[in-house]
Amino acid sequence: MKYRSNPLMNLSAVAMLMATVLAVESIEAGSPATTSSTTAPPNIIFIMADDLGYRDLGCYGQQRIRTPNIDRMAAEGMRLTDFYAGSTVCAPSRCVLLTGKHTGHAYIRGNSEIKPMGQRPLLAGTPTLAGLLQKNGYSTALIGKWGLGGPGSTGVPNLQGFDYFFGYLCQRHAHNYYPEFLFRNEQRVLLKGNRIAKPRPDGAGEAIERAQYSHDVCMREALDYIDRQSKEDNKTEPFFLYVALTIPHANNEAGENGMEVPDLGQYGEKDWPDAEKAFAAMVGRMDKDVGRILDMLKQHGIDDRTIVFFTSDNGPHDEGGHDPRFFQSSGPLRGIKRALYEGGIRVPMIARWPGKIEAGSESDQVSYLGDVFATTAELAGTQTPSGLDSISLLPTLLGEPRRQKSHPYLYWEFYEYGSAQAVREGRWKAIRKPMFTGNMALYDLSKDLGEQKNLAAQHPEVIARMKRHFDEAHVPSPLWKPRGEPEYPK
């Protein structure tokens, strides 16, 4: 694992201890948290974009869309280069984040719709990172998109560790940026001035009257929450705020007009397709609001007591008229959303904590969304529950690579479009399609980041090892079976 100052930030090189860590065991169950470097548990803000690609941000190489605030966040913190989503689509990736279990062990392993509104819910009593923080003195809130249980189910946020929730319970509903209602906890909140042409029970559809843009409404809620928690009578209680953005996901029900945004801003005069102007404007709007969060932390004097994360739930989409090739959203990576190639699962990850995380630093520690559970547990000064697929990244973030543990491998499985499994072990990446029975492809990511050269025939010993990983990582579930769909485009 390399830890270095980030050349993209144009900062002077900092002499750092370089260390390579190879660990064959996951974090020990119940190992004590080590936050002795902090005098009190910090506030934690976790911001997750929806369908944002690896190279959709300037600090990851984007050339055409400006993201000055997120770039500033990276310049003031750490940029991780080898960070992965929990899955290549919404619901399972969010389940991995909340439960710290990869998709071979997680309860929710795909997008499974429940009528009339919602997706397959988390079970009652599910240990979640929000619940862990709640039990350890944190005020907890979720603003934005949930997707892990509809109204009246066991999966609603208030039953899964969140004191406060505002936004969308159902991810179909979340396609619509001008919905007629959102939820505050489990109560519907009407958004006056928005009207859907053909109202549906799930709230999805395309608006014909547009007054309130849901992203803006949710960001006001997030800023109001930070403001409330920063008052003097609340400052002694740390808070965890999960900001689950819907940007830049498309409104799939609006077809080619699915990139919904109030205005095109600085991209309105570009000689680009309308969908690409709108996509860029959505990313720019998101970037502005990340800047507003960072500025509010400084205004309230809690900047150095708050760690902020920014990432995406999976790779870039090709929906709503948007073509991810236009902005080279996957960068050098192969594939997009719904693929287990790097472009479908490798995502940006930035962490900022002034005075604790070195400004302009960078790490290639191989990690994924499931590691957020153990990381937040260590930040809170508590133990990680046993039986999780989660390792704390706090040593990497604090510049202590000798203390950093590593996964022996990372694992994903996906049941749509013919199904697939993937494993990353060090420099090696294996993909098996269809899952369980298909042939394996093997790539050396240190030389072939674009996964173009299949080396399976040249390395039978690596293939044999990868097969053992596949067999070990997958625990059968009666809820999840491969779908008989054609393979997703490569």
# chains A, B, ... in the order shown; residues from 1 in each chain; ligands from 1
>>> residues_around(residues="Phe240 in chain A", least_positions_apart="5", cutoff="7 Å", atoms="only C-alpha atoms", output="PDB file with N, CA and C atoms, in the first residue's frame")
ATOM      1  N   ASN A  43     -17.446  14.365  14.745  1.00  0.00           N
ATOM      2  CA  ASN A  43     -18.621  14.298  13.892  1.00  0.00           C
ATOM      3  C   ASN A  43     -18.230  13.597  12.599  1.00  0.00           C
ATOM      4  N   ILE A  44     -19.184  12.890  11.999  1.00  0.00           N
ATOM      5  CA  ILE A  44     -18.922  12.152  10.762  1.00  0.00           C
ATOM      6  C   ILE A  44     -19.981  12.536   9.739  1.00  0.00           C
ATOM      7  N   ILE A  45     -19.533  13.034   8.592  1.00  0.00           N
ATOM      8  CA  ILE A  45     -20.440  13.322   7.475  1.00  0.00           C
ATOM      9  C   ILE A  45     -20.022  12.437   6.311  1.00  0.00           C
ATOM     10  N   TYR A 138     -24.044   9.018  19.396  1.00  0.00           N
ATOM     11  CA  TYR A 138     -24.156   9.890  18.233  1.00  0.00           C
ATOM     12  C   TYR A 138     -25.609  10.207  17.924  1.00  0.00           C
ATOM     13  N   SER A 139     -25.857  11.436  17.529  1.00  0.00           N
ATOM     14  CA  SER A 139     -27.105  11.781  16.867  1.00  0.00           C
ATOM     15  C   SER A 139     -26.944  11.375  15.406  1.00  0.00           C
ATOM     16  N   THR A 140     -27.928  10.682  14.845  1.00  0.00           N
ATOM     17  CA  THR A 140     -27.775  10.113  13.511  1.00  0.00           C
ATOM     18  C   THR A 140     -28.878  10.601  12.577  1.00  0.00           C
ATOM     19  N   ALA A 141     -28.508  10.923  11.345  1.00  0.00           N
ATOM     20  CA  ALA A 141     -29.488  11.413  10.382  1.00  0.00           C
ATOM     21  C   ALA A 141     -29.121  10.949   8.979  1.00  0.00           C
TER      22      ALA A 141
END
>>> residues_around(residues="Gln452 in chain A", least_positions_apart="6", cutoff="12 Å", atoms="only C-alpha atoms", output="JSON, numbers by chain")
{"A": [332, 333, 334, 335, 341, 342, 429, 441, 442, 443, 444, 445, 490]}
>>> write_last_selection(atoms="C-alpha atoms", output="compact mmCIF listing (two decimals), in the first residue's frame")
# COMPACT_ATOMS: atom_id res chain seq x y z
CA PRO A 332 -8.97 4.38 -18.13
CA LEU A 333 -11.30 1.77 -16.67
CA ARG A 334 -13.42 -0.72 -18.57
CA GLY A 335 -17.18 -0.84 -18.09
CA TYR A 341 -15.24 -4.55 -14.56
CA GLU A 342 -13.35 -1.74 -12.81
CA LYS A 429 -8.59 -9.27 -10.77
CA ALA A 441 -11.01 -14.10 -17.01
CA LEU A 442 -7.87 -12.89 -15.22
CA TYR A 443 -6.34 -9.41 -15.42
CA ASP A 444 -3.16 -7.91 -13.98
CA LEU A 445 -4.34 -4.47 -12.88
CA LYS A 490 -19.14 -4.64 -22.47
>>> closest_residue(among="A:Arg352, A:Arg184, A:Lys337, A:Lys115", to="Pro42 in chain A", atoms="only C-alpha atoms")
A:Arg352
>>> select_by_dssp(residues="range 29-215 of chain A", states="helix (DSSP H, G or I)", output="number ranges by chain")
A: 58-60, 68-75, 90-99, 129-135, 157-159, 173-175, 214-215
>>> write_last_selection(atoms="N, CA and C atoms", output="CSV table (one decimal), in the first residue's frame")
chain,number,residue,atom,x,y,z
A,58,GLY,N,-12.7,16.6,-11.1
A,58,GLY,CA,-11.5,17.2,-11.6
A,58,GLY,C,-10.3,16.5,-10.9
A,59,CYS,N,-10.4,16.2,-9.6
A,59,CYS,CA,-9.3,15.7,-8.8
A,59,CYS,C,-9.0,14.2,-9.2
A,60,TYR,N,-9.9,13.6,-10.0
A,60,TYR,CA,-9.6,12.3,-10.6
A,60,TYR,C,-9.4,12.3,-12.1
A,68,PRO,N,-14.7,22.5,-8.5
A,68,PRO,CA,-13.7,23.1,-7.6
A,68,PRO,C,-13.8,22.8,-6.2
A,69,ASN,N,-15.0,22.6,-5.7
A,69,ASN,CA,-15.2,22.4,-4.2
A,69,ASN,C,-14.8,21.0,-3.8
A,70,ILE,N,-15.1,20.0,-4.6
A,70,ILE,CA,-14.7,18.7,-4.3
A,70,ILE,C,-13.2,18.5,-4.5
A,71,ASP,N,-12.7,19.2,-5.5
A,71,ASP,CA,-11.2,19.2,-5.7
A,71,ASP,C,-10.5,19.9,-4.5
A,72,ARG,N,-11.1,20.9,-4.0
A,72,ARG,CA,-10.6,21.5,-2.7
A,72,ARG,C,-10.6,20.6,-1.6
A,73,MET,N,-11.7,19.8,-1.5
A,73,MET,CA,-11.8,18.8,-0.4
A,73,MET,C,-10.7,17.8,-0.5
A,74,ALA,N,-10.4,17.4,-1.7
A,74,ALA,CA,-9.2,16.5,-1.9
A,74,ALA,C,-7.9,17.1,-1.6
A,75,ALA,N,-7.8,18.4,-2.0
A,75,ALA,CA,-6.5,19.1,-1.7
A,75,ALA,C,-6.3,19.3,-0.2
A,90,CYS,N,-27.5,0.3,-7.1
A,90,CYS,CA,-27.8,1.0,-5.9
A,90,CYS,C,-28.0,0.2,-4.7
A,91,ALA,N,-29.1,-0.6,-4.6
A,91,ALA,CA,-29.5,-1.1,-3.3
A,91,ALA,C,-28.5,-2.0,-2.7
A,92,PRO,N,-27.8,-3.0,-3.4
A,92,PRO,CA,-26.8,-3.8,-2.7
A,92,PRO,C,-25.6,-3.0,-2.3
A,93,SER,N,-25.2,-2.0,-3.0
A,93,SER,CA,-24.1,-1.1,-2.6
A,93,SER,C,-24.4,-0.4,-1.3
A,94,ARG,N,-25.6,0.1,-1.2
A,94,ARG,CA,-26.0,0.7,0.1
A,94,ARG,C,-26.1,-0.2,1.2
A,95,CYS,N,-26.6,-1.4,0.9
A,95,CYS,CA,-26.6,-2.5,2.0
A,95,CYS,C,-25.2,-2.8,2.5
A,96,VAL,N,-24.2,-2.9,1.6
A,96,VAL,CA,-22.9,-3.1,2.0
A,96,VAL,C,-22.4,-2.0,2.9
A,97,LEU,N,-22.6,-0.8,2.5
A,97,LEU,CA,-22.2,0.4,3.3
A,97,LEU,C,-22.8,0.3,4.7
A,98,LEU,N,-24.1,0.0,4.8
A,98,LEU,CA,-24.8,0.1,6.1
A,98,LEU,C,-24.5,-1.1,7.0
A,99,THR,N,-24.1,-2.3,6.4
A,99,THR,CA,-24.0,-3.5,7.2
A,99,THR,C,-22.6,-4.0,7.3
A,129,LEU,N,-24.3,0.4,10.7
A,129,LEU,CA,-23.3,1.4,11.3
A,129,LEU,C,-24.0,2.6,11.9
A,130,ALA,N,-25.2,3.0,11.4
A,130,ALA,CA,-25.9,4.0,12.1
A,130,ALA,C,-26.4,3.6,13.5
A,131,GLY,N,-26.8,2.3,13.6
A,131,GLY,CA,-27.3,1.8,14.9
A,131,GLY,C,-26.1,1.8,15.8
A,132,LEU,N,-24.9,1.4,15.3
A,132,LEU,CA,-23.7,1.3,16.2
A,132,LEU,C,-23.4,2.7,16.7
A,133,LEU,N,-23.4,3.7,15.9
A,133,LEU,CA,-23.1,5.0,16.3
A,133,LEU,C,-24.1,5.6,17.2
A,134,GLN,N,-25.4,5.3,16.9
A,134,GLN,CA,-26.5,5.7,17.8
A,134,GLN,C,-26.3,5.2,19.2
A,135,LYS,N,-25.9,3.9,19.3
A,135,LYS,CA,-25.7,3.3,20.6
A,135,LYS,C,-24.5,3.9,21.4
A,157,PRO,N,-35.5,3.9,7.6
A,157,PRO,CA,-34.3,4.4,8.3
A,157,PRO,C,-34.5,4.5,9.8
A,158,ASN,N,-35.6,4.9,10.3
A,158,ASN,CA,-35.8,5.1,11.8
A,158,ASN,C,-35.8,3.8,12.5
A,159,LEU,N,-35.9,2.7,11.8
A,159,LEU,CA,-35.8,1.3,12.5
A,159,LEU,C,-34.4,0.7,12.3
A,173,HIS,N,-38.9,6.0,-6.8
A,173,HIS,CA,-39.4,7.4,-6.5
A,173,HIS,C,-38.2,8.4,-6.7
A,174,ALA,N,-37.0,8.0,-6.3
A,174,ALA,CA,-35.9,8.9,-6.3
A,174,ALA,C,-35.4,9.2,-7.7
A,175,HIS,N,-35.9,8.4,-8.8
A,175,HIS,CA,-35.6,8.8,-10.1
A,175,HIS,C,-36.2,10.2,-10.5
A,214,SER,N,-35.8,18.4,-6.0
A,214,SER,CA,-35.6,17.6,-4.7
A,214,SER,C,-34.2,17.6,-4.2
A,215,HIS,N,-33.2,17.7,-5.1
A,215,HIS,CA,-31.8,17.8,-4.6
A,215,HIS,C,-31.7,19.1,-3.7
>>> atom_distance(atom1="CA of Pro324 in chain A", atom2="CA of Gly147 in chain A")
23.8 Å
>>> residues_around(residues="Leu142 in chain A", least_positions_apart="5", cutoff="7 Å", atoms="only C-alpha atoms", output="list in words")
Phe162, Tyr164, Phe165, Phe166, Leu241, Tyr242 and Val243 of chain A
>>> residues_around(residues="range 458-461 of chain A", least_positions_apart="3", cutoff="12 Å", atoms="only C-alpha atoms", output="PyMOL selection string")
chain A and resi 428+430+440-444+453-455+464-468
>>> residues_around(residues="Thr375 in chain A", least_positions_apart="3", cutoff="8 Å", atoms="only C-alpha atoms", output="ChimeraX atom specification")
/A:371-372,378-379,391-394
>>> write_last_selection(atoms="N, CA and C atoms", output="PDB file, in the first residue's frame")
ATOM      1  N   ASP A 371     -15.855  -1.180   4.263  1.00  0.00           N
ATOM      2  CA  ASP A 371     -14.867  -0.776   5.269  1.00  0.00           C
ATOM      3  C   ASP A 371     -15.281   0.473   6.038  1.00  0.00           C
ATOM      4  N   VAL A 372     -16.294   1.171   5.557  1.00  0.00           N
ATOM      5  CA  VAL A 372     -16.766   2.357   6.270  1.00  0.00           C
ATOM      6  C   VAL A 372     -17.303   1.977   7.650  1.00  0.00           C
ATOM      7  N   GLU A 378     -14.201   2.713  14.699  1.00  0.00           N
ATOM      8  CA  GLU A 378     -12.953   3.153  15.325  1.00  0.00           C
ATOM      9  C   GLU A 378     -12.994   4.649  15.614  1.00  0.00           C
ATOM     10  N   LEU A 379     -13.559   5.409  14.714  1.00  0.00           N
ATOM     11  CA  LEU A 379     -13.702   6.846  14.966  1.00  0.00           C
ATOM     12  C   LEU A 379     -14.529   7.104  16.217  1.00  0.00           C
ATOM     13  N   ILE A 391     -12.784  -3.673   7.443  1.00  0.00           N
ATOM     14  CA  ILE A 391     -11.504  -3.314   8.048  1.00  0.00           C
ATOM     15  C   ILE A 391     -11.438  -1.798   8.167  1.00  0.00           C
ATOM     16  N   SER A 392     -11.032  -1.293   9.310  1.00  0.00           N
ATOM     17  CA  SER A 392     -10.931   0.148   9.493  1.00  0.00           C
ATOM     18  C   SER A 392      -9.829   0.732   8.614  1.00  0.00           C
ATOM     19  N   LEU A 393     -10.160   1.841   7.950  1.00  0.00           N
ATOM     20  CA  LEU A 393      -9.191   2.579   7.138  1.00  0.00           C
ATOM     21  C   LEU A 393      -8.565   3.733   7.906  1.00  0.00           C
ATOM     22  N   LEU A 394      -8.877   3.858   9.190  1.00  0.00           N
ATOM     23  CA  LEU A 394      -8.371   4.997   9.937  1.00  0.00           C
ATOM     24  C   LEU A 394      -6.841   5.062   9.967  1.00  0.00           C
TER      25      LEU A 394
END
